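> upload.cif (mmCIF, C-alpha atoms) pasted underneath:
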data_entry
loop_
_atom_site.label_atom_id
_atom_site.label_comp_id
_atom_site.auth_asym_id
_atom_site.auth_seq_id
_atom_site.Cartn_x
_atom_site.Cartn_y
_atom_site.Cartn_z
CA MET A 1 0.00 0.00 0.00
CA ARG A 2 1.27 3.45 -0.84
CA GLU A 3 2.11 5.57 2.17
CA ALA A 4 -0.16 8.39 1.06
CA VAL A 5 -3.11 5.99 0.71
CA ARG A 6 -2.41 4.57 4.17
CA GLN A 7 -2.38 8.06 5.62
CA GLN A 8 -5.68 8.77 3.86
CA TYR A 9 -7.25 5.66 5.46
CA LEU A 10 -6.05 6.68 8.92
CA GLN A 11 -7.27 10.22 8.39
CA ALA A 12 -10.71 8.94 7.31
CA MET A 13 -10.87 6.89 10.54
CA GLY A 14 -10.07 9.98 12.60
CA ILE A 15 -6.68 8.72 13.77
CA PRO A 16 -4.10 11.52 13.94
CA VAL A 17 -0.65 10.49 12.76
CA TRP A 18 2.57 12.36 13.35
CA VAL A 19 4.95 12.42 10.41
CA PRO A 20 8.26 14.25 9.90
CA ARG A 21 8.19 17.44 7.87
CA GLN A 22 11.87 18.18 7.79
CA GLU A 23 15.08 16.71 9.06
CA LEU A 24 16.43 18.28 12.21
CA PRO A 25 20.09 19.21 12.51
CA ASN A 26 22.33 16.38 13.75
CA ALA A 27 19.37 13.91 13.61
CA ALA A 28 19.34 10.51 11.94
CA PRO A 29 17.93 10.50 8.40
CA SER A 30 14.17 9.99 8.25
CA ASN A 31 12.77 6.98 6.39
CA LEU A 32 9.41 8.64 5.72
CA LEU A 33 10.52 11.89 4.12
CA PRO A 34 11.63 10.22 0.85
CA VAL A 35 8.28 8.40 0.74
CA LEU A 36 6.01 11.31 1.59
CA GLY A 37 7.91 13.95 -0.36
CA GLU A 38 8.64 17.48 0.66
CA GLY A 39 5.20 18.77 -0.31
CA THR A 40 3.25 16.11 1.62
CA HIS A 41 1.50 17.31 4.78
CA LEU A 42 -1.34 15.87 6.83
CA HIS A 43 -4.31 17.13 8.84
CA GLY A 44 -4.62 20.49 7.17
CA THR A 45 -0.92 21.33 7.29
CA GLY A 46 -0.26 21.31 3.53
CA ASP A 47 -1.08 19.84 0.15
CA MET A 48 -0.14 16.37 -0.95
CA SER A 49 2.25 16.18 -3.86
CA ALA A 50 0.86 14.96 -7.14
CA ASP A 51 3.22 11.97 -7.15
CA HIS A 52 1.84 10.60 -3.86
CA LEU A 53 -1.75 11.88 -3.92
CA PRO A 54 -4.18 8.92 -4.11
CA ALA A 55 -6.79 8.80 -6.79
CA ALA A 56 -10.36 9.72 -5.97
CA GLY A 57 -11.43 6.08 -6.14
CA ASP A 58 -8.68 5.05 -3.68
CA SER A 59 -9.72 7.76 -1.24
CA GLN A 60 -13.38 6.80 -1.45
CA ARG A 61 -12.59 3.09 -1.04
CA GLY A 62 -10.44 3.92 1.96
CA ALA A 63 -13.28 5.80 3.60
CA HIS A 64 -15.73 2.96 3.01
CA MET A 65 -13.22 0.39 4.25
CA ALA A 66 -12.75 2.38 7.44
CA ALA A 67 -16.53 2.58 7.87
CA GLN A 68 -16.87 -1.19 7.46
CA LEU A 69 -14.12 -1.85 10.00
CA LEU A 70 -15.73 0.47 12.51
CA GLY A 71 -19.29 -0.67 11.84
CA GLY A 72 -20.57 2.84 11.12
CA ALA A 73 -21.51 5.03 8.21
CA ALA A 74 -18.93 6.02 5.62
CA PRO A 75 -17.29 9.31 6.58
CA ALA A 76 -17.25 12.22 4.20
CA PRO A 77 -14.06 12.59 2.18
CA VAL A 78 -11.51 14.69 4.01
CA THR A 79 -10.01 17.50 1.94
CA PRO A 80 -6.80 18.88 3.40
CA ALA A 81 -6.67 22.64 3.64
CA PRO A 82 -4.10 24.33 1.41
CA ALA A 83 -1.00 25.67 3.07
CA PRO A 84 0.63 29.02 2.33
CA ALA A 85 2.66 28.99 -0.85
CA ASN A 86 5.90 30.01 0.87
CA PRO A 87 5.63 29.18 4.55
CA THR A 88 8.14 30.92 6.74
CA PRO A 89 10.33 28.87 9.12
CA ALA A 90 8.49 30.35 12.09
CA ALA A 91 5.11 29.29 10.68
CA ALA A 92 6.43 25.82 9.89
CA ALA A 93 7.66 25.44 13.45
CA GLU A 94 4.22 26.28 14.81
CA ARG A 95 2.32 23.74 12.64
CA PRO A 96 2.86 20.57 14.72
CA ALA A 97 1.21 22.21 17.71
CA GLN A 98 -1.71 23.33 15.58
CA ALA A 99 -2.15 20.04 13.71
CA ALA A 100 -1.97 17.58 16.60
CA PRO A 101 -5.18 17.17 18.64
CA VAL A 102 -5.07 16.80 22.39
CA SER A 103 -6.11 13.14 22.30
CA SER A 104 -6.53 10.57 19.58
CA VAL A 105 -10.19 9.97 20.46
CA THR A 106 -12.50 12.81 21.35
CA PRO A 107 -15.42 12.29 23.75
CA ALA A 108 -17.89 12.83 20.90
CA SER A 109 -16.36 10.08 18.77
CA THR A 110 -15.73 7.53 21.52
CA GLU A 111 -19.10 5.85 21.28
CA ALA A 112 -19.63 6.20 17.53
CA ASP A 113 -16.14 5.15 16.41
CA THR A 114 -15.61 2.24 18.78
CA PRO A 115 -15.90 -1.03 16.84
CA VAL A 116 -18.46 -3.51 18.08
CA VAL A 117 -16.66 -6.74 19.00
CA ASP A 118 -18.63 -9.97 19.16
CA ARG A 119 -17.39 -11.30 22.48
CA PRO A 120 -18.47 -14.68 23.80
CA ALA A 121 -20.90 -14.47 26.64
CA THR A 122 -19.24 -14.79 30.01
CA ALA A 123 -20.22 -17.62 32.28
CA PRO A 124 -22.90 -16.59 34.81
CA GLN A 125 -21.63 -15.91 38.29
CA THR A 126 -22.65 -18.84 40.44
CA THR A 127 -23.55 -17.62 43.89
CA ALA A 128 -24.03 -19.74 46.97
CA VAL A 129 -27.80 -19.55 46.49
CA ALA A 130 -27.53 -20.72 42.86
CA GLN A 131 -25.21 -23.55 43.83
CA ASP A 132 -27.60 -24.70 46.54
CA LYS A 133 -30.53 -24.49 44.13
CA ALA A 134 -28.71 -26.49 41.45
CA ALA A 135 -27.39 -29.07 43.88
CA SER A 136 -30.62 -29.58 45.77
CA LEU A 137 -32.14 -32.44 43.83
CA ASP A 138 -34.66 -33.66 46.39
CA GLY A 139 -37.37 -32.38 44.03
CA LYS A 140 -37.68 -32.19 40.27
CA ILE A 141 -35.13 -30.37 38.16
CA ASP A 142 -36.38 -27.04 36.84
CA PRO A 143 -35.86 -27.20 33.03
CA THR A 144 -35.89 -23.38 32.85
CA ASP A 145 -32.93 -23.03 35.21
CA LEU A 146 -29.83 -23.03 32.97
CA THR A 147 -27.35 -22.47 35.80
CA PRO A 148 -24.65 -25.16 35.43
CA PRO A 149 -24.35 -27.15 38.68
CA ARG A 150 -20.80 -27.74 39.87
CA PHE A 151 -19.90 -31.11 41.33
CA GLU A 152 -17.65 -34.10 40.78
CA LEU A 153 -18.12 -37.79 41.45
CA HIS A 154 -15.42 -40.45 41.65
CA PHE A 155 -16.48 -44.02 40.84
CA VAL A 156 -14.52 -47.13 41.85
CA LYS A 157 -15.92 -50.50 40.89
CA PHE A 158 -15.25 -53.50 43.17
CA GLY A 159 -15.90 -56.84 41.57
CA ASP A 160 -18.72 -56.89 39.06
CA ALA A 161 -21.70 -55.60 41.04
CA VAL A 162 -20.64 -52.89 43.54
CA VAL A 163 -19.55 -49.34 42.70
CA TRP A 164 -18.28 -47.05 45.44
CA VAL A 165 -18.69 -43.31 44.89
CA CYS A 166 -17.34 -40.23 46.67
CA ASP A 167 -17.74 -36.57 45.72
CA ASP A 168 -14.28 -35.23 46.58
CA PHE A 169 -10.98 -36.10 44.95
CA ASN A 170 -9.21 -35.67 48.29
CA GLU A 171 -11.42 -38.46 49.68
CA LEU A 172 -10.45 -40.93 46.97
CA GLY A 173 -7.48 -42.27 48.94
CA ASN A 174 -9.66 -42.90 52.01
CA LEU A 175 -12.24 -44.63 49.80
CA LEU A 176 -9.63 -46.97 48.33
CA ALA A 177 -8.52 -47.91 51.85
CA PHE A 178 -11.97 -48.24 53.41
CA ALA A 179 -14.02 -49.92 50.66
CA PRO A 180 -11.99 -53.19 50.36
CA ARG A 181 -12.41 -53.94 54.06
CA VAL A 182 -16.16 -53.37 53.89
CA CYS A 183 -16.48 -55.49 50.73
CA ALA A 184 -14.54 -58.33 52.38
CA ALA A 185 -16.81 -58.18 55.45
CA MET A 186 -19.89 -58.30 53.22
CA GLY A 187 -18.55 -61.25 51.23
CA TRP A 188 -18.15 -59.21 48.03
CA GLU A 189 -15.23 -59.20 45.67
CA VAL A 190 -12.40 -56.85 46.62
CA LEU A 191 -10.72 -56.71 43.21
CA ARG A 192 -11.23 -53.15 42.06
CA GLY A 193 -11.05 -51.31 38.79
CA GLU A 194 -9.50 -47.97 37.97
CA PRO A 195 -11.20 -44.86 39.40
CA VAL A 196 -13.46 -42.99 36.99
CA MET A 197 -14.09 -39.28 37.48
CA PHE A 198 -17.31 -37.55 36.46
CA ARG A 199 -16.98 -33.75 36.64
CA TRP A 200 -19.61 -31.14 35.84
CA PRO A 201 -19.60 -28.78 33.99
CA PHE A 202 -17.94 -31.00 31.44
CA ILE A 203 -16.27 -28.00 29.75
CA GLU A 204 -16.03 -24.36 30.79
CA ASN A 205 -18.03 -22.88 27.93
CA ALA A 206 -20.94 -20.55 28.55
CA ARG A 207 -22.32 -21.19 25.06
CA GLU A 208 -23.02 -24.85 25.81
CA ASP A 209 -26.14 -26.00 27.64
CA GLN A 210 -24.76 -27.54 30.83
CA SER A 211 -27.79 -27.11 33.05
CA ALA A 212 -28.88 -29.58 35.72
CA ALA A 213 -31.12 -31.39 33.21
CA VAL A 214 -28.18 -32.02 30.88
CA ALA A 215 -26.01 -33.07 33.82
CA GLU A 216 -28.66 -35.62 34.77
CA GLN A 217 -28.63 -37.11 31.26
CA ALA A 218 -24.83 -37.35 31.25
CA LEU A 219 -24.79 -38.98 34.68
CA ARG A 220 -27.41 -41.53 33.59
CA ALA A 221 -25.21 -42.42 30.63
CA GLN A 222 -22.25 -42.86 32.98
CA TRP A 223 -24.16 -45.19 35.29
CA ASN A 224 -25.60 -47.13 32.33
CA PHE A 225 -22.03 -47.85 31.33
CA PHE A 226 -21.35 -49.44 34.72
CA ALA A 227 -24.69 -51.27 34.66
CA HIS A 228 -23.90 -52.64 31.23
CA HIS A 229 -20.78 -54.22 32.72
CA GLY A 230 -22.66 -55.81 35.64
CA ALA A 231 -23.01 -53.07 38.27
CA LYS A 232 -26.06 -53.60 40.49
CA LEU A 233 -25.72 -51.05 43.30
CA ALA A 234 -23.78 -47.99 44.39
CA ILE A 235 -22.40 -47.00 47.78
CA GLY A 236 -22.25 -43.22 47.81
CA LEU A 237 -20.52 -41.16 50.51
CA GLY A 238 -20.91 -37.40 50.42
CA THR A 239 -23.80 -35.02 49.87
CA ASN A 240 -23.45 -34.69 46.10
CA ALA A 241 -22.97 -38.43 45.67
CA ARG A 242 -26.16 -39.11 47.57
CA ARG A 243 -28.24 -36.41 45.85
CA TRP A 244 -27.26 -37.10 42.27
CA LEU A 245 -27.23 -40.89 42.38
CA GLN A 246 -30.53 -41.09 44.21
CA HIS A 247 -32.01 -38.60 41.75
CA ILE A 248 -31.31 -40.92 38.82
CA ASP A 249 -32.67 -43.88 40.84
CA VAL A 250 -29.47 -45.83 41.34
CA PRO A 251 -30.09 -48.48 44.02
CA GLY A 252 -27.63 -48.63 46.88
CA ALA A 253 -26.61 -47.22 50.25
CA TYR A 254 -25.94 -43.50 50.73
CA MET A 255 -24.69 -41.16 53.44
CA ASP A 256 -24.18 -37.40 53.40
CA HIS A 257 -20.96 -37.71 55.40
CA SER A 258 -17.48 -37.87 53.93
CA VAL A 259 -15.48 -41.08 53.78
CA LEU A 260 -13.09 -39.92 56.49
CA THR A 261 -15.94 -38.97 58.82
CA VAL A 262 -17.56 -42.39 58.42
CA MET A 263 -14.23 -44.10 59.04
CA GLN A 264 -13.66 -42.14 62.26
CA GLN A 265 -17.12 -42.44 63.86
CA GLY A 266 -18.48 -45.78 65.02
CA ALA A 267 -22.11 -44.64 64.93
CA LEU A 268 -21.81 -43.76 61.24
CA LYS A 269 -20.15 -47.08 60.50
CA LYS A 270 -23.12 -48.80 62.12
CA GLN A 271 -25.57 -46.82 60.00
CA LEU A 272 -23.68 -47.73 56.84
CA TRP A 273 -23.54 -51.39 57.85
CA GLN A 274 -27.29 -51.50 58.43
CA GLN A 275 -27.95 -50.01 55.00
CA LEU A 276 -25.60 -52.50 53.37
CA LEU A 277 -27.46 -55.39 54.97
CA THR A 278 -30.64 -54.26 53.21
CA VAL A 279 -29.06 -54.11 49.76
CA ARG A 280 -26.53 -56.95 49.95
CA ASN A 281 -28.84 -59.29 48.07
CA LEU A 282 -28.74 -56.97 45.06
CA ALA A 283 -25.01 -57.60 44.69
CA ASN A 284 -25.40 -61.34 45.24
CA ASP A 285 -28.08 -61.75 42.55
CA SER A 286 -26.61 -62.94 39.30
#
Take the structure in this file and express it as structure tokens.


Amino acid sequence: MREAVRQQYLQAMGIPVWVPRQELPNAAPSNLLPVLGEGTHLHGTGDMSADHLPAAGDSQRGAHMAAQLLGGAAPAPVTPAPAPANPTPAAAAERPAQAAPVSSVTPASTEADTPVVDRPATAPQTTAVAQDKAASLDGKIDPTDLTPPRFELHFVKFGDAVVWVCDDFNELGNLLAFAPRVCAAMGWEVLRGEPVMFRWPFIENAREDQSAAVAEQALRAQWNFFAHHGAKLAIGLGTNARRWLQHIDVPGAYMDHSVLTVMQQGALKKQLWQQLLTVRNLANDS
């Protein structure tokens, strides 16, 4: 692109540009002066030389291109004001101060000239009330509530029929230590598979529907995978494990307490044992 045409585009967009008009004593040679020419001036400081003056079509296309980039109407062609035929050195020294505006964007043009950028919608701020509403699954899921619930479940399958579940990654080590002893006491297989993590939202993208209804469908698909490979019941420890697995009607034993809390309190161990006695036949059925 010719330098004069580039300057015309910038001028049509209302962007002031400083360019050298003459070389100062003892200064390095300017790279723009040979391109612009001695008669080239911008922003009403002089006429453009005929060698570098863009054609009328180029100027008009530059104005329309600037309008398309900024999303507004095409600005009127800018005609630089003629300069005195023989400017004196004193007048030439005063021109930079007269030509340069105070700021590159005036208050009047801030709103009109700012390009409209299509930004992705930000994820809604999940407050404590929204989290409690999304996580509370004792009733039906509201299909109009698009707030993505945030939870994670960690599945560990023991044998073919029993799947232990906790809702905190930090509890996974306690689960792997506690579950084999309980399975052995119940007469179940203690050979376990690799832990499987289910985390929601699946991806951090506000454009995707990751509401509670979609989370329920994904969790059903996850449990159907285990059921297809012989799982009959789940043992869920933790509030989210109990709420979500009971909501999709997975048979088993559930407690709102963490794995570590159940391991440390005899009363909670007794409650878990009593629940397991009621569902042990599910795991024994072939």

> Can you tell me, as a list in words, what residues are no more than 9 Å from Leu245 of chain A when counting only C-alpha atoms, ignoring any on the same chain fewer than 3 positions away?

Leu219, Arg220, Trp223, Ala234, Gly236, Asn240, Ala241, Arg242, Ile248, Asp249, Val250, Pro251, Gly252 and Tyr254 of chain A

> Go through A:Ala227, A:Ala267, A:Leu172, A:Ala28 one by one, measure the shortest atom-to-atom distance of each to Val196 of chain A using all atoms listed in the file, and give the residue with the smallest value.

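Smallest distance to Val196 of chain A is found for A:Leu172.
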
> Would you please work out which residue, of A:Glu194, A:Asp209, A:Leu233, A:His257, is nearest to Asn281 of chain A when using all atoms listed in the file?

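Of the candidates, the smallest distance to Asn281 of chain A is held by A:Leu233.
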
> I'd like the residues picked by the PyMOL selection byres ((chain A and resi 190) around 7) written out as a list of chain:residue names, using the chain letters and numbers from the file.

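Matching residues under the PyMOL selection byres ((chain A and resi 190) around 7) are A:Phe158, A:Gly159, A:Pro180, A:Cys183, A:Ala184, A:Trp188, A:Glu189, A:Leu191, A:Arg192.
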
> Now that the selection is made, can you save its residues with C-alpha atoms as an mmCIF file, keeping the file's coordinate frame?


data_model
loop_
_atom_site.group_PDB
_atom_site.id
_atom_site.type_symbol
_atom_site.label_atom_id
_atom_site.label_comp_id
_atom_site.auth_asym_id
_atom_site.auth_seq_id
_atom_site.Cartn_x
_atom_site.Cartn_y
_atom_site.Cartn_z
ATOM 1 C CA PHE A 158 -15.250 -53.500 43.170
ATOM 2 C CA GLY A 159 -15.900 -56.840 41.570
ATOM 3 C CA PRO A 180 -11.990 -53.190 50.360
ATOM 4 C CA CYS A 183 -16.480 -55.490 50.730
ATOM 5 C CA ALA A 184 -14.540 -58.330 52.380
ATOM 6 C CA TRP A 188 -18.150 -59.210 48.030
ATOM 7 C CA GLU A 189 -15.230 -59.200 45.670
ATOM 8 C CA LEU A 191 -10.720 -56.710 43.210
ATOM 9 C CA ARG A 192 -11.230 -53.150 42.060
#

> What residues have an atom no more than 7 Å from (-17.7, -38.8, 41.8) in the file's own frame, counting only C-alpha atoms, and can you write them as an MDAnalysis selection string?

chainID A and resid 152:155 165:168 197:198 241

> Which is closer to Thr147 of chain A than all the others in A:Arg207, A:Arg280, A:Arg199, A:His229, using all atoms listed in the file?

A:Arg207

> For a cut-off of 12 Å around (-27.7, -28.2, 31.4), file coordinates, pick out all residues using only C-alpha atoms and list them as a ChimeraX atom specification.

/A:134,141-150,200-203,205-219

> Take the selection from the previous step and output its residues with C-alpha atoms, as a PDB file, in the frame of the given file.


ATOM      1  CA  ALA A 134     -28.710 -26.490  41.450  1.00  0.00           C
ATOM      2  CA  ILE A 141     -35.130 -30.370  38.160  1.00  0.00           C
ATOM      3  CA  ASP A 142     -36.380 -27.040  36.840  1.00  0.00           C
ATOM      4  CA  PRO A 143     -35.860 -27.200  33.030  1.00  0.00           C
ATOM      5  CA  THR A 144     -35.890 -23.380  32.850  1.00  0.00           C
ATOM      6  CA  ASP A 145     -32.930 -23.030  35.210  1.00  0.00           C
ATOM      7  CA  LEU A 146     -29.830 -23.030  32.970  1.00  0.00           C
ATOM      8  CA  THR A 147     -27.350 -22.470  35.800  1.00  0.00           C
ATOM      9  CA  PRO A 148     -24.650 -25.160  35.430  1.00  0.00           C
ATOM     10  CA  PRO A 149     -24.350 -27.150  38.680  1.00  0.00           C
ATOM     11  CA  ARG A 150     -20.800 -27.740  39.870  1.00  0.00           C
ATOM     12  CA  TRP A 200     -19.610 -31.140  35.840  1.00  0.00           C
ATOM     13  CA  PRO A 201     -19.600 -28.780  33.990  1.00  0.00           C
ATOM     14  CA  PHE A 202     -17.940 -31.000  31.440  1.00  0.00           C
ATOM     15  CA  ILE A 203     -16.270 -28.000  29.750  1.00  0.00           C
ATOM     16  CA  ASN A 205     -18.030 -22.880  27.930  1.00  0.00           C
ATOM     17  CA  ALA A 206     -20.940 -20.550  28.550  1.00  0.00           C
ATOM     18  CA  ARG A 207     -22.320 -21.190  25.060  1.00  0.00           C
ATOM     19  CA  GLU A 208     -23.020 -24.850  25.810  1.00  0.00           C
ATOM     20  CA  ASP A 209     -26.140 -26.000  27.640  1.00  0.00           C
ATOM     21  CA  GLN A 210     -24.760 -27.540  30.830  1.00  0.00           C
ATOM     22  CA  SER A 211     -27.790 -27.110  33.050  1.00  0.00           C
ATOM     23  CA  ALA A 212     -28.880 -29.580  35.720  1.00  0.00           C
ATOM     24  CA  ALA A 213     -31.120 -31.390  33.210  1.00  0.00           C
ATOM     25  CA  VAL A 214     -28.180 -32.020  30.880  1.00  0.00           C
ATOM     26  CA  ALA A 215     -26.010 -33.070  33.820  1.00  0.00           C
ATOM     27  CA  GLU A 216     -28.660 -35.620  34.770  1.00  0.00           C
ATOM     28  CA  GLN A 217     -28.630 -37.110  31.260  1.00  0.00           C
ATOM     29  CA  ALA A 218     -24.830 -37.350  31.250  1.00  0.00           C
ATOM     30  CA  LEU A 219     -24.790 -38.980  34.680  1.00  0.00           C
TER      31      LEU A 219
END

> Let me make sure I understand: among A:Leu272, A:Ala221, A:Met13, A:Val156, which one has the smallest atom-to-atom distance to Ala177 of chain A if we use only C-alpha atoms?

A:Val156

> Smallest atom-to-atom distance to Leu260 of chain A: which of A:Gly193, A:Gly14, A:Gly173, A:Gly230, using only C-alpha atoms?

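Counting only C-alpha atoms, the residue closest to Leu260 of chain A is A:Gly173.
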
> Enclose segment 196-215 of chain A, meaning all of its atoms listed in the file, in a box aligned along x, y and z, pad it by 5 Å on each side, and list the centre and edge lengths in Å to one decimal, as lines of an AutoDock Vina configuration file.


center_x = -22.3
center_y = -31.8
center_z = 31.3
size_x = 27.7
size_y = 32.4
size_z = 22.4
